[in-house]
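File shown here: data03.cif, holding mmCIF, C-alpha atoms.
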```cif
data_model
loop_
_atom_site.group_PDB
_atom_site.id
_atom_site.type_symbol
_atom_site.label_atom_id
_atom_site.label_comp_id
_atom_site.auth_asym_id
_atom_site.auth_seq_id
_atom_site.Cartn_x
_atom_site.Cartn_y
_atom_site.Cartn_z
ATOM 1 C CA MET A 1 0.000 0.000 0.000
ATOM 2 C CA ASN A 2 1.405 3.377 -1.000
ATOM 3 C CA SER A 3 0.290 5.078 2.193
ATOM 4 C CA THR A 4 1.965 8.431 1.487
ATOM 5 C CA ALA A 5 -0.052 8.986 -1.727
ATOM 6 C CA THR A 6 -3.413 7.769 -0.475
ATOM 7 C CA VAL A 7 -5.937 9.635 1.658
ATOM 8 C CA HIS A 8 -8.210 7.048 3.239
ATOM 9 C CA ASN A 9 -11.805 7.609 4.204
ATOM 10 C CA VAL A 10 -11.346 6.010 7.607
ATOM 11 C CA ILE A 11 -8.656 4.322 9.639
ATOM 12 C CA ILE A 12 -9.768 2.059 12.471
ATOM 13 C CA VAL A 13 -7.206 1.682 15.238
ATOM 14 C CA GLY A 14 -7.868 -1.606 16.989
ATOM 15 C CA SER A 15 -9.144 -5.009 15.974
ATOM 16 C CA GLY A 16 -11.430 -6.312 18.694
ATOM 17 C CA PRO A 17 -15.202 -6.666 18.284
ATOM 18 C CA ALA A 18 -15.610 -2.871 18.050
ATOM 19 C CA GLY A 19 -12.949 -2.394 15.395
ATOM 20 C CA TYR A 20 -13.956 -5.330 13.208
ATOM 21 C CA THR A 21 -17.675 -4.529 13.440
ATOM 22 C CA ALA A 22 -16.989 -0.953 12.361
ATOM 23 C CA ALA A 23 -14.889 -2.313 9.508
ATOM 24 C CA ILE A 24 -17.687 -4.630 8.342
ATOM 25 C CA TYR A 25 -20.217 -1.800 8.199
ATOM 26 C CA LEU A 26 -17.863 0.678 6.567
ATOM 27 C CA ALA A 27 -16.583 -1.833 4.016
ATOM 28 C CA ARG A 28 -20.140 -2.757 3.009
ATOM 29 C CA ALA A 29 -20.771 0.974 2.563
ATOM 30 C CA GLY A 30 -17.921 1.086 0.037
ATOM 31 C CA LEU A 31 -15.647 3.269 2.181
ATOM 32 C CA LYS A 32 -12.664 0.867 2.081
ATOM 33 C CA PRO A 33 -11.643 1.135 5.748
ATOM 34 C CA VAL A 34 -8.118 0.370 6.888
ATOM 35 C CA VAL A 35 -7.884 -1.541 10.161
ATOM 36 C CA VAL A 36 -4.613 -1.182 12.060
ATOM 37 C CA ALA A 37 -4.994 -4.465 13.899
ATOM 38 C CA GLY A 38 -1.816 -4.639 15.965
ATOM 39 C CA ALA A 39 1.451 -6.428 15.327
ATOM 40 C CA LEU A 40 1.388 -9.118 18.008
ATOM 41 C CA THR A 41 -2.156 -9.619 19.288
ATOM 42 C CA PRO A 42 -4.710 -8.668 16.621
ATOM 43 C CA GLY A 43 -8.237 -9.389 17.796
ATOM 44 C CA GLY A 44 -8.168 -7.776 21.214
ATOM 45 C CA GLN A 45 -8.805 -9.504 24.529
ATOM 46 C CA LEU A 46 -10.862 -12.307 23.004
ATOM 47 C CA ILE A 47 -7.707 -13.679 21.409
ATOM 48 C CA ASN A 48 -6.656 -14.717 24.931
ATOM 49 C CA THR A 49 -10.086 -16.070 25.846
ATOM 50 C CA THR A 50 -10.979 -19.727 25.578
ATOM 51 C CA GLU A 51 -14.668 -20.554 25.173
ATOM 52 C CA VAL A 52 -17.124 -17.671 24.779
ATOM 53 C CA GLU A 53 -20.644 -18.801 25.678
ATOM 54 C CA ASN A 54 -22.522 -15.497 25.888
ATOM 55 C CA TYR A 55 -22.005 -14.093 22.389
ATOM 56 C CA PRO A 56 -25.316 -14.327 20.485
ATOM 57 C CA GLY A 57 -25.527 -16.767 17.600
ATOM 58 C CA PHE A 58 -23.320 -19.504 19.040
ATOM 59 C CA PRO A 59 -25.527 -21.868 21.075
ATOM 60 C CA ASP A 60 -22.623 -24.250 21.658
ATOM 61 C CA GLY A 61 -20.143 -21.480 22.417
ATOM 62 C CA VAL A 62 -17.223 -20.307 20.311
ATOM 63 C CA MET A 63 -13.519 -20.012 20.984
ATOM 64 C CA GLY A 64 -12.406 -16.402 21.340
ATOM 65 C CA PRO A 65 -9.711 -16.594 18.632
ATOM 66 C CA ASP A 66 -12.171 -18.268 16.232
ATOM 67 C CA LEU A 67 -14.729 -15.509 16.776
ATOM 68 C CA MET A 68 -12.156 -12.808 16.060
ATOM 69 C CA GLU A 69 -10.852 -14.618 12.975
ATOM 70 C CA SER A 70 -14.402 -14.868 11.650
ATOM 71 C CA MET A 71 -14.949 -11.134 12.192
ATOM 72 C CA GLN A 72 -11.677 -10.363 10.419
ATOM 73 C CA ARG A 73 -12.566 -12.525 7.419
ATOM 74 C CA GLN A 74 -16.026 -10.968 7.255
ATOM 75 C CA ALA A 75 -14.521 -7.471 7.167
ATOM 76 C CA GLU A 76 -11.998 -8.492 4.517
ATOM 77 C CA ARG A 77 -14.723 -10.097 2.423
ATOM 78 C CA PHE A 78 -16.338 -6.695 1.942
ATOM 79 C CA GLY A 79 -13.081 -4.900 1.179
ATOM 80 C CA ALA A 80 -11.562 -3.836 4.496
ATOM 81 C CA GLU A 81 -7.779 -3.751 4.516
ATOM 82 C CA ILE A 82 -6.066 -5.190 7.601
ATOM 83 C CA VAL A 83 -2.623 -3.840 8.550
ATOM 84 C CA PHE A 84 -0.809 -5.914 11.158
ATOM 85 C CA ASP A 85 1.150 -3.148 12.834
ATOM 86 C CA ASP A 86 0.886 -0.892 15.883
ATOM 87 C CA VAL A 87 0.048 2.781 15.980
ATOM 88 C CA GLU A 88 2.956 4.651 17.514
ATOM 89 C CA SER A 89 1.469 8.133 17.363
ATOM 90 C CA ALA A 90 -1.233 10.118 15.618
ATOM 91 C CA ASP A 91 -1.943 13.689 14.542
ATOM 92 C CA LEU A 92 -5.686 14.097 14.848
ATOM 93 C CA GLN A 93 -5.982 17.849 14.329
ATOM 94 C CA GLY A 94 -7.224 19.396 11.089
ATOM 95 C CA GLU A 95 -9.415 18.049 8.318
ATOM 96 C CA LEU A 96 -6.859 15.385 7.396
ATOM 97 C CA LYS A 97 -5.539 13.122 10.150
ATOM 98 C CA SER A 98 -2.325 11.118 10.080
ATOM 99 C CA VAL A 99 -1.423 7.905 11.861
ATOM 100 C CA HIS A 100 2.200 6.837 12.287
ATOM 101 C CA LEU A 101 2.860 3.095 12.495
ATOM 102 C CA SER A 102 5.698 1.330 14.254
ATOM 103 C CA GLY A 103 6.835 -0.077 10.928
ATOM 104 C CA GLY A 104 7.454 3.434 9.621
ATOM 105 C CA GLN A 105 4.311 4.003 7.552
ATOM 106 C CA ASP A 106 2.361 7.239 7.769
ATOM 107 C CA LEU A 107 -1.300 6.869 6.846
ATOM 108 C CA GLN A 108 -3.499 9.835 5.979
ATOM 109 C CA THR A 109 -7.234 9.738 6.548
ATOM 110 C CA ARG A 110 -10.336 11.862 6.734
ATOM 111 C CA THR A 111 -11.636 10.106 9.851
ATOM 112 C CA VAL A 112 -10.350 7.876 12.625
ATOM 113 C CA ILE A 113 -12.155 5.366 14.830
ATOM 114 C CA VAL A 114 -10.244 4.577 18.019
ATOM 115 C CA ALA A 115 -11.153 1.053 19.092
ATOM 116 C CA THR A 116 -8.052 0.092 21.040
ATOM 117 C CA GLY A 117 -9.904 -1.441 23.980
ATOM 118 C CA SER A 118 -8.553 -1.808 27.484
ATOM 119 C CA ASN A 119 -6.467 -4.354 29.283
ATOM 120 C CA TYR A 120 -7.372 -5.987 32.563
ATOM 121 C CA ARG A 121 -5.224 -4.783 35.425
ATOM 122 C CA HIS A 122 -3.197 -7.747 36.647
ATOM 123 C CA LEU A 123 -2.019 -8.839 40.070
ATOM 124 C CA ASN A 124 1.461 -9.563 38.705
ATOM 125 C CA VAL A 125 2.051 -12.498 41.026
ATOM 126 C CA PRO A 126 3.586 -15.915 40.272
ATOM 127 C CA GLY A 127 1.081 -18.298 38.690
ATOM 128 C CA GLU A 128 -1.272 -15.610 37.348
ATOM 129 C CA LEU A 129 -0.048 -15.781 33.770
ATOM 130 C CA GLU A 130 0.451 -19.552 33.852
ATOM 131 C CA TYR A 131 -3.136 -20.206 34.943
ATOM 132 C CA SER A 132 -4.860 -17.483 32.950
ATOM 133 C CA GLY A 133 -7.757 -19.318 31.277
ATOM 134 C CA LYS A 134 -7.140 -22.294 33.559
ATOM 135 C CA GLY A 135 -8.769 -20.908 36.673
ATOM 136 C CA VAL A 136 -7.623 -17.296 36.587
ATOM 137 C CA SER A 137 -10.225 -15.057 34.968
ATOM 138 C CA TYR A 138 -10.972 -11.358 34.615
ATOM 139 C CA CYS A 139 -14.643 -11.654 33.701
ATOM 140 C CA ALA A 140 -17.219 -13.238 36.001
ATOM 141 C CA THR A 141 -20.059 -13.088 33.486
ATOM 142 C CA CYS A 142 -17.843 -14.833 30.942
ATOM 143 C CA ASP A 143 -16.449 -17.635 33.084
ATOM 144 C CA GLY A 144 -18.456 -17.957 36.287
ATOM 145 C CA PHE A 145 -20.463 -20.902 34.982
ATOM 146 C CA PHE A 146 -17.322 -23.044 34.713
ATOM 147 C CA PHE A 147 -16.846 -22.998 38.489
ATOM 148 C CA ARG A 148 -20.219 -24.316 39.559
ATOM 149 C CA GLY A 149 -19.882 -26.066 42.915
ATOM 150 C CA LYS A 150 -16.229 -25.050 43.332
ATOM 151 C CA PRO A 151 -14.504 -22.628 45.738
ATOM 152 C CA ILE A 152 -13.957 -19.198 44.168
ATOM 153 C CA VAL A 153 -11.824 -16.205 45.114
ATOM 154 C CA VAL A 154 -12.469 -12.632 43.960
ATOM 155 C CA VAL A 155 -9.690 -10.052 44.333
ATOM 156 C CA GLY A 156 -10.668 -6.388 44.562
ATOM 157 C CA GLY A 157 -12.455 -3.794 46.640
ATOM 158 C CA GLY A 158 -14.562 -1.701 44.272
ATOM 159 C CA ASP A 159 -18.088 -1.982 42.939
ATOM 160 C CA SER A 160 -16.965 -4.321 40.163
ATOM 161 C CA ALA A 161 -15.439 -6.752 42.657
ATOM 162 C CA MET A 162 -18.621 -6.682 44.746
ATOM 163 C CA GLU A 163 -20.807 -7.263 41.708
ATOM 164 C CA GLU A 164 -18.632 -10.165 40.597
ATOM 165 C CA ALA A 165 -18.622 -11.737 44.059
ATOM 166 C CA ASN A 166 -22.424 -11.603 44.287
ATOM 167 C CA PHE A 167 -22.784 -12.942 40.760
ATOM 168 C CA LEU A 168 -20.321 -15.769 41.386
ATOM 169 C CA ALA A 169 -22.106 -16.746 44.598
ATOM 170 C CA ARG A 170 -24.779 -18.254 42.338
ATOM 171 C CA PHE A 171 -22.246 -20.770 41.054
ATOM 172 C CA GLY A 172 -19.440 -21.403 43.533
ATOM 173 C CA SER A 173 -19.595 -23.580 46.610
ATOM 174 C CA SER A 174 -18.158 -20.520 48.349
ATOM 175 C CA VAL A 175 -16.797 -17.108 47.384
ATOM 176 C CA THR A 176 -13.986 -15.361 49.242
ATOM 177 C CA LEU A 177 -13.491 -11.670 48.510
ATOM 178 C CA ILE A 178 -9.917 -10.552 49.143
ATOM 179 C CA HIS A 179 -9.069 -6.871 49.565
ATOM 180 C CA ARG A 180 -5.703 -5.374 50.446
ATOM 181 C CA ARG A 181 -7.065 -2.575 52.640
ATOM 182 C CA ASP A 182 -9.281 -2.391 55.730
ATOM 183 C CA GLU A 183 -11.966 -0.375 53.919
ATOM 184 C CA PHE A 184 -13.678 -0.935 50.584
ATOM 185 C CA ARG A 185 -13.763 1.578 47.739
ATOM 186 C CA ALA A 186 -17.168 0.257 46.713
ATOM 187 C CA SER A 187 -20.435 2.073 47.313
ATOM 188 C CA GLN A 188 -22.100 1.451 50.669
ATOM 189 C CA ILE A 189 -25.062 -0.372 49.154
ATOM 190 C CA MET A 190 -22.760 -2.804 47.337
ATOM 191 C CA VAL A 191 -20.737 -3.422 50.489
ATOM 192 C CA GLU A 192 -23.891 -4.130 52.494
ATOM 193 C CA ARG A 193 -25.233 -6.451 49.830
ATOM 194 C CA THR A 194 -21.960 -8.366 49.814
ATOM 195 C CA ARG A 195 -21.731 -8.601 53.597
ATOM 196 C CA GLU A 196 -25.298 -9.931 53.753
ATOM 197 C CA ASN A 197 -24.640 -12.696 51.236
ATOM 198 C CA PRO A 198 -24.145 -15.890 53.275
ATOM 199 C CA LYS A 199 -21.972 -17.496 50.591
ATOM 200 C CA ILE A 200 -19.405 -14.677 50.575
ATOM 201 C CA ASN A 201 -16.508 -14.490 53.044
ATOM 202 C CA LEU A 202 -14.507 -11.245 53.316
ATOM 203 C CA LEU A 203 -10.747 -11.178 53.868
ATOM 204 C CA MET A 204 -9.506 -7.650 54.555
ATOM 205 C CA ASN A 205 -5.893 -6.424 54.761
ATOM 206 C CA THR A 206 -4.919 -9.384 52.619
ATOM 207 C CA VAL A 207 -2.971 -9.725 49.377
ATOM 208 C CA VAL A 208 -2.383 -12.651 47.043
ATOM 209 C CA GLU A 209 1.271 -13.676 46.949
ATOM 210 C CA ARG A 210 1.065 -16.667 44.618
ATOM 211 C CA ILE A 211 -1.479 -18.664 42.612
ATOM 212 C CA ASN A 212 -0.848 -22.403 42.825
ATOM 213 C CA GLY A 213 -2.060 -25.188 40.557
ATOM 214 C CA ASP A 214 -1.536 -28.733 39.395
ATOM 215 C CA GLY A 215 -0.696 -27.852 35.806
ATOM 216 C CA LYS A 216 -4.295 -28.260 34.680
ATOM 217 C CA GLY A 217 -5.958 -25.662 36.878
ATOM 218 C CA VAL A 218 -5.797 -23.542 40.007
ATOM 219 C CA THR A 219 -5.823 -25.365 43.339
ATOM 220 C CA SER A 220 -4.936 -22.762 45.971
ATOM 221 C CA LEU A 221 -3.582 -19.276 46.700
ATOM 222 C CA ASP A 222 -0.811 -18.127 49.014
ATOM 223 C CA LEU A 223 -1.943 -15.079 50.996
ATOM 224 C CA ARG A 224 -0.277 -12.488 53.201
ATOM 225 C CA ASP A 225 -1.865 -10.335 55.905
ATOM 226 C CA THR A 226 -0.698 -6.765 55.246
ATOM 227 C CA ALA A 227 -1.071 -5.817 58.921
ATOM 228 C CA THR A 228 0.796 -8.730 60.524
ATOM 229 C CA ASN A 229 2.755 -10.171 57.550
ATOM 230 C CA GLU A 230 1.426 -13.600 58.501
ATOM 231 C CA THR A 231 1.019 -15.963 55.567
ATOM 232 C CA SER A 232 -1.746 -18.452 54.886
ATOM 233 C CA LYS A 233 -3.167 -20.619 52.128
ATOM 234 C CA ILE A 234 -6.707 -20.838 50.780
ATOM 235 C CA GLU A 235 -8.134 -23.502 48.494
ATOM 236 C CA ALA A 236 -9.693 -22.217 45.294
ATOM 237 C CA ASN A 237 -10.367 -23.422 41.761
ATOM 238 C CA GLY A 238 -11.461 -20.073 40.354
ATOM 239 C CA VAL A 239 -9.660 -16.750 40.831
ATOM 240 C CA PHE A 240 -11.416 -13.659 39.510
ATOM 241 C CA VAL A 241 -9.264 -10.542 39.392
ATOM 242 C CA ALA A 242 -11.401 -7.383 39.605
ATOM 243 C CA ILE A 243 -8.949 -4.560 40.255
ATOM 244 C CA GLY A 244 -9.807 -2.434 37.250
ATOM 245 C CA HIS A 245 -8.882 -1.899 33.621
ATOM 246 C CA VAL A 246 -6.260 0.133 31.797
ATOM 247 C CA PRO A 247 -7.655 1.786 28.636
ATOM 248 C CA GLN A 248 -5.214 1.717 25.733
ATOM 249 C CA THR A 249 -5.212 5.433 24.973
ATOM 250 C CA GLY A 250 -1.598 6.434 25.601
ATOM 251 C CA PHE A 251 -0.733 6.794 21.908
ATOM 252 C CA LEU A 252 -3.237 9.671 21.598
ATOM 253 C CA GLY A 253 -0.831 12.032 23.307
ATOM 254 C CA GLY A 254 -3.537 13.995 25.083
ATOM 255 C CA GLN A 255 -5.305 15.056 21.881
ATOM 256 C CA LEU A 256 -8.698 13.724 22.983
ATOM 257 C CA ASP A 257 -10.619 14.487 26.146
ATOM 258 C CA LEU A 258 -10.280 11.597 28.592
ATOM 259 C CA ASP A 259 -11.972 10.966 31.913
ATOM 260 C CA ASP A 260 -10.081 10.642 35.187
ATOM 261 C CA HIS A 261 -9.310 6.976 34.468
ATOM 262 C CA GLY A 262 -8.040 7.476 30.922
ATOM 263 C CA TYR A 263 -11.193 6.463 29.023
ATOM 264 C CA ILE A 264 -12.110 8.507 25.950
ATOM 265 C CA ARG A 265 -15.039 10.857 26.494
ATOM 266 C CA ILE A 266 -17.702 10.465 23.809
ATOM 267 C CA ASP A 267 -20.834 12.455 23.016
ATOM 268 C CA GLU A 268 -23.307 9.733 24.109
ATOM 269 C CA THR A 269 -26.265 11.564 22.623
ATOM 270 C CA SER A 270 -28.890 9.902 20.473
ATOM 271 C CA THR A 271 -27.063 11.015 17.322
ATOM 272 C CA GLY A 272 -23.307 10.993 16.945
ATOM 273 C CA ALA A 273 -22.923 8.990 20.141
ATOM 274 C CA THR A 274 -19.337 7.964 19.385
ATOM 275 C CA ARG A 275 -18.008 11.442 18.585
ATOM 276 C CA THR A 276 -14.960 12.532 20.579
ATOM 277 C CA SER A 277 -13.763 16.031 21.388
ATOM 278 C CA VAL A 278 -12.014 16.258 17.994
ATOM 279 C CA PRO A 279 -14.112 16.484 14.790
ATOM 280 C CA GLY A 280 -13.659 13.452 12.578
ATOM 281 C CA VAL A 281 -12.413 11.247 15.412
ATOM 282 C CA PHE A 282 -14.728 8.635 16.910
ATOM 283 C CA ALA A 283 -14.277 6.070 19.671
ATOM 284 C CA ALA A 284 -15.844 2.652 20.178
ATOM 285 C CA GLY A 285 -15.484 -0.309 22.483
ATOM 286 C CA ASP A 286 -13.767 -0.666 25.824
ATOM 287 C CA CYS A 287 -11.453 2.343 25.390
ATOM 288 C CA ALA A 288 -14.571 4.514 25.757
ATOM 289 C CA ASP A 289 -16.555 2.241 28.098
ATOM 290 C CA ALA A 290 -15.560 1.929 31.741
ATOM 291 C CA ILE A 291 -18.765 0.128 32.714
ATOM 292 C CA TYR A 292 -19.832 -2.789 30.552
ATOM 293 C CA GLN A 293 -16.598 -4.207 29.089
ATOM 294 C CA GLN A 294 -18.424 -6.904 27.094
ATOM 295 C CA ALA A 295 -17.748 -8.078 23.543
ATOM 296 C CA ILE A 296 -21.354 -7.674 22.419
ATOM 297 C CA VAL A 297 -21.477 -4.099 23.744
ATOM 298 C CA ALA A 298 -18.196 -3.301 22.002
ATOM 299 C CA ALA A 299 -19.503 -4.714 18.729
ATOM 300 C CA GLY A 300 -22.642 -2.584 19.023
ATOM 301 C CA SER A 301 -20.601 0.555 19.626
ATOM 302 C CA GLY A 302 -18.461 -0.324 16.596
ATOM 303 C CA CYS A 303 -21.628 -0.312 14.504
ATOM 304 C CA ARG A 304 -22.588 3.089 15.903
ATOM 305 C CA ALA A 305 -19.130 4.479 15.178
ATOM 306 C CA ALA A 306 -19.332 3.264 11.584
ATOM 307 C CA LEU A 307 -22.703 4.948 11.081
ATOM 308 C CA ASP A 308 -21.392 8.143 12.694
ATOM 309 C CA VAL A 309 -18.403 8.113 10.325
ATOM 310 C CA GLN A 310 -20.672 7.682 7.309
ATOM 311 C CA SER A 311 -22.782 10.643 8.414
ATOM 312 C CA TYR A 312 -19.668 12.767 9.005
ATOM 313 C CA LEU A 313 -18.166 11.939 5.599
ATOM 314 C CA GLU A 314 -21.384 12.838 3.842
ATOM 315 C CA ASP A 315 -21.032 16.388 5.175
ATOM 316 C CA ILE A 316 -17.396 16.844 4.080
ATOM 317 C CA PRO A 317 -17.030 18.880 0.855
ATOM 318 C CA GLU A 318 -15.617 16.908 -2.063
ATOM 319 C CA GLY A 319 -11.859 17.132 -2.471
ATOM 320 C CA ILE A 320 -10.988 17.144 1.219
#
```
For this file, write the structure as structure tokens.
Amino acid sequence: MNSTATVHNVIIVGSGPAGYTAAIYLARAGLKPVVVAGALTPGGQLINTTEVENYPGFPDGVMGPDLMESMQRQAERFGAEIVFDDVESADLQGELKSVHLSGGQDLQTRTVIVATGSNYRHLNVPGELEYSGKGVSYCATCDGFFFRGKPIVVVGGGDSAMEEANFLARFGSSVTLIHRRDEFRASQIMVERTRENPKINLLMNTVVERINGDGKGVTSLDLRDTATNETSKIEANGVFVAIGHVPQTGFLGGQLDLDDHGYIRIDETSTGATRTSVPGVFAAGDCADAIYQQAIVAAGSGCRAALDVQSYLEDIPEGI
């Protein structure tokens, strides 16, 4: 692709459900979108997910990588171009935007959709990476069912951790909520609801030191009391880490309005709901969603971003 001589209609940065859905819609509209999918992990978080059972249309479930590959092929079928590289920086000001790739290419475009997603915040303890997908999870609604009748641990102290603990109490034989401080960050109503749940045990002033397993799955956790430094062990087959997300917005260089946690602020009105603070730049998926963080929600927002881009391009005078 001769990127220096071509002005694209739209460049989509990111290749999860939001990015690929936007690409499908825009390609079918004849706008020839370019998807900068990433050099190492195209497909977003679902690439690292095993079986996805809650995505509509797959009654028997679907493997995360298979779902993302299908979305990619669907976008390509209609004419989307996939570039397997990373965006290093971008200039989003003015009527023409430019995106600089790690491989050295500079792409020019009339519009940009940022669909870079977010990453789960990790504990960074031994065993976490080894047992990710084998007992360690970052999504209760995705994986809670797999731990029916088994002991579960939730790590975190905010509303999300409380919601996950209460949700997982439907499945696990027990749920232990571990928090490193002596007070929760969660809202009072969520704390009360959690305390009143007879299946949930609270461990305060406690941190996870190690996640242990038998090679096939998680079996226990090594814990440390932050007040006394005493160590202990707790049996668990499921470990749900709920300590927040990190939106992938660093490459923007402060050009878009972000909230206090780094998520892109979007219009969220009935029309143009994915518009950012910069004209011609739109955002979709988890990088602009601190609440839901679900593949189906991201895909829906990718559709909205595509329709918003089409509307924006229709209003641009010819020749720009």
In terms of only C-alpha atoms, the residue from A:Ala27, A:Val218, A:Thr111, A:Ala18 at minimal distance from Glu314 (chain A) is A:Thr111
Apply the PyMOL selection byres ((chain A and resi 281) around 12) to the structure shown and report the selected residues as a PyMOL selection string.
chain A and resi 9-13+90-98+109-115+252+255-257+264-267+272-280+282-284+305-306+308-309+312-313
Check what the PyMOL selection byres ((chain A and resi 193-204) around 8) selects in the file above and give those residues as number ranges by chain.
A: 162, 165-166, 169, 173-183, 189-192, 205-206
Env of region 131-137 of chain A: 9 Å cut, atoms = only C-alpha atoms, seq-sep filter 4 positions within chain, self excluded. Answer as a ChimeraX atom specification.
/A:48-50,127,142-144,147,211-213,215-219,236-241
Can you tell me, as a PyMOL selection string, what residues are no more than 12 Å from Thr21 (chain A) when counting all atoms listed in the file, ignoring any on the same chain fewer than 5 positions away?
chain A and resi 12+14-16+26-28+33+35+43+67-68+70-76+78+80+113+115+284-285+295-307
Just give me the residues with any atom within 8 Å of (5.5, 0.9, 15.6), file coordinates, counting all atoms listed in the file, written as a PyMOL selection string.
chain A and resi 85-88+100-104
Residues selected by the PyMOL selection byres ((chain A and resi 160) around 9), written as an MDAnalysis selection string
chainID A and resid 156:159 161:165 186 242:244 291
Could you please take those selected residues and save C-alpha atoms as a compact mmCIF listing (two decimals), keeping the file's coordinate frame?
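Generated output (part-v7.txt):
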```
# COMPACT_ATOMS: atom_id res chain seq x y z
CA GLY A 156 -10.67 -6.39 44.56
CA GLY A 157 -12.46 -3.79 46.64
CA GLY A 158 -14.56 -1.70 44.27
CA ASP A 159 -18.09 -1.98 42.94
CA ALA A 161 -15.44 -6.75 42.66
CA MET A 162 -18.62 -6.68 44.75
CA GLU A 163 -20.81 -7.26 41.71
CA GLU A 164 -18.63 -10.16 40.60
CA ALA A 165 -18.62 -11.74 44.06
CA ALA A 186 -17.17 0.26 46.71
CA ALA A 242 -11.40 -7.38 39.60
CA ILE A 243 -8.95 -4.56 40.26
CA GLY A 244 -9.81 -2.43 37.25
CA ILE A 291 -18.76 0.13 32.71
```
So the first atom is CA of Val153 (chain A) and the second is CA of Thr228 (chain A); what is the distance between them in Å, to one decimal place?
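CA of Thr228 (chain A) lies at a distance of 21.3 Å from CA of Val153 (chain A).
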By how many Å are CA of Leu40 (chain A) and CA of Asn54 (chain A) apart?
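Atom-to-atom, CA of Leu40 (chain A) to CA of Asn54 (chain A), that is 26.0 Å.
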Residues within 10 Å of Val52 (chain A), please, as a PDB file with C-alpha atoms, in the coordinates of the input. Count all atoms listed in the file; anything in the same chain fewer than 4 positions from it doesn't count.
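As written to disk, selection-v2.pdb reads:
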```pdb
ATOM      1  CA  LEU A  46     -10.862 -12.307  23.004  1.00  0.00           C
ATOM      2  CA  PRO A  56     -25.316 -14.327  20.485  1.00  0.00           C
ATOM      3  CA  PHE A  58     -23.320 -19.504  19.040  1.00  0.00           C
ATOM      4  CA  ASP A  60     -22.623 -24.250  21.658  1.00  0.00           C
ATOM      5  CA  GLY A  61     -20.143 -21.480  22.417  1.00  0.00           C
ATOM      6  CA  VAL A  62     -17.223 -20.307  20.311  1.00  0.00           C
ATOM      7  CA  MET A  63     -13.519 -20.012  20.984  1.00  0.00           C
ATOM      8  CA  GLY A  64     -12.406 -16.402  21.340  1.00  0.00           C
ATOM      9  CA  PRO A  65      -9.711 -16.594  18.632  1.00  0.00           C
ATOM     10  CA  ASP A  66     -12.171 -18.268  16.232  1.00  0.00           C
ATOM     11  CA  LEU A  67     -14.729 -15.509  16.776  1.00  0.00           C
ATOM     12  CA  CYS A 142     -17.843 -14.833  30.942  1.00  0.00           C
ATOM     13  CA  ASP A 143     -16.449 -17.635  33.084  1.00  0.00           C
ATOM     14  CA  ALA A 295     -17.748  -8.078  23.543  1.00  0.00           C
TER      15      ALA A 295
END
```
Take region 272-280 of chain A from the block and save it with N, CA, C and O atoms, as a PDB file, in the first residue's frame.
```pdb
ATOM      1  N   GLY A 272     -24.725  10.716  16.792  1.00  0.00           N
ATOM      2  CA  GLY A 272     -23.307  10.993  16.945  1.00  0.00           C
ATOM      3  C   GLY A 272     -22.755  10.545  18.280  1.00  0.00           C
ATOM      4  O   GLY A 272     -21.872  11.188  18.865  1.00  0.00           O
ATOM      5  N   ALA A 273     -23.253   9.415  18.779  1.00  0.00           N
ATOM      6  CA  ALA A 273     -22.923   8.990  20.141  1.00  0.00           C
ATOM      7  C   ALA A 273     -21.468   8.611  20.320  1.00  0.00           C
ATOM      8  O   ALA A 273     -21.002   8.509  21.457  1.00  0.00           O
ATOM      9  N   THR A 274     -20.735   8.380  19.244  1.00  0.00           N
ATOM     10  CA  THR A 274     -19.337   7.964  19.385  1.00  0.00           C
ATOM     11  C   THR A 274     -18.370   9.092  19.062  1.00  0.00           C
ATOM     12  O   THR A 274     -17.167   8.859  18.977  1.00  0.00           O
ATOM     13  N   ARG A 275     -18.877  10.309  18.878  1.00  0.00           N
ATOM     14  CA  ARG A 275     -18.008  11.442  18.585  1.00  0.00           C
ATOM     15  C   ARG A 275     -17.136  11.771  19.794  1.00  0.00           C
ATOM     16  O   ARG A 275     -17.594  11.752  20.931  1.00  0.00           O
ATOM     17  N   THR A 276     -15.878  12.098  19.523  1.00  0.00           N
ATOM     18  CA  THR A 276     -14.960  12.532  20.579  1.00  0.00           C
ATOM     19  C   THR A 276     -14.884  14.049  20.574  1.00  0.00           C
ATOM     20  O   THR A 276     -15.643  14.730  19.875  1.00  0.00           O
ATOM     21  N   SER A 277     -13.934  14.583  21.302  1.00  0.00           N
ATOM     22  CA  SER A 277     -13.763  16.031  21.388  1.00  0.00           C
ATOM     23  C   SER A 277     -13.138  16.626  20.134  1.00  0.00           C
ATOM     24  O   SER A 277     -13.096  17.850  19.987  1.00  0.00           O
ATOM     25  N   VAL A 278     -12.644  15.784  19.225  1.00  0.00           N
ATOM     26  CA  VAL A 278     -12.014  16.258  17.994  1.00  0.00           C
ATOM     27  C   VAL A 278     -12.888  15.869  16.805  1.00  0.00           C
ATOM     28  O   VAL A 278     -13.196  14.679  16.631  1.00  0.00           O
ATOM     29  N   PRO A 279     -13.290  16.814  15.964  1.00  0.00           N
ATOM     30  CA  PRO A 279     -14.112  16.484  14.790  1.00  0.00           C
ATOM     31  C   PRO A 279     -13.422  15.464  13.888  1.00  0.00           C
ATOM     32  O   PRO A 279     -12.218  15.565  13.626  1.00  0.00           O
ATOM     33  N   GLY A 280     -14.200  14.484  13.454  1.00  0.00           N
ATOM     34  CA  GLY A 280     -13.659  13.452  12.578  1.00  0.00           C
ATOM     35  C   GLY A 280     -13.018  12.286  13.299  1.00  0.00           C
ATOM     36  O   GLY A 280     -12.551  11.338  12.658  1.00  0.00           O
TER      37      GLY A 280
END
```
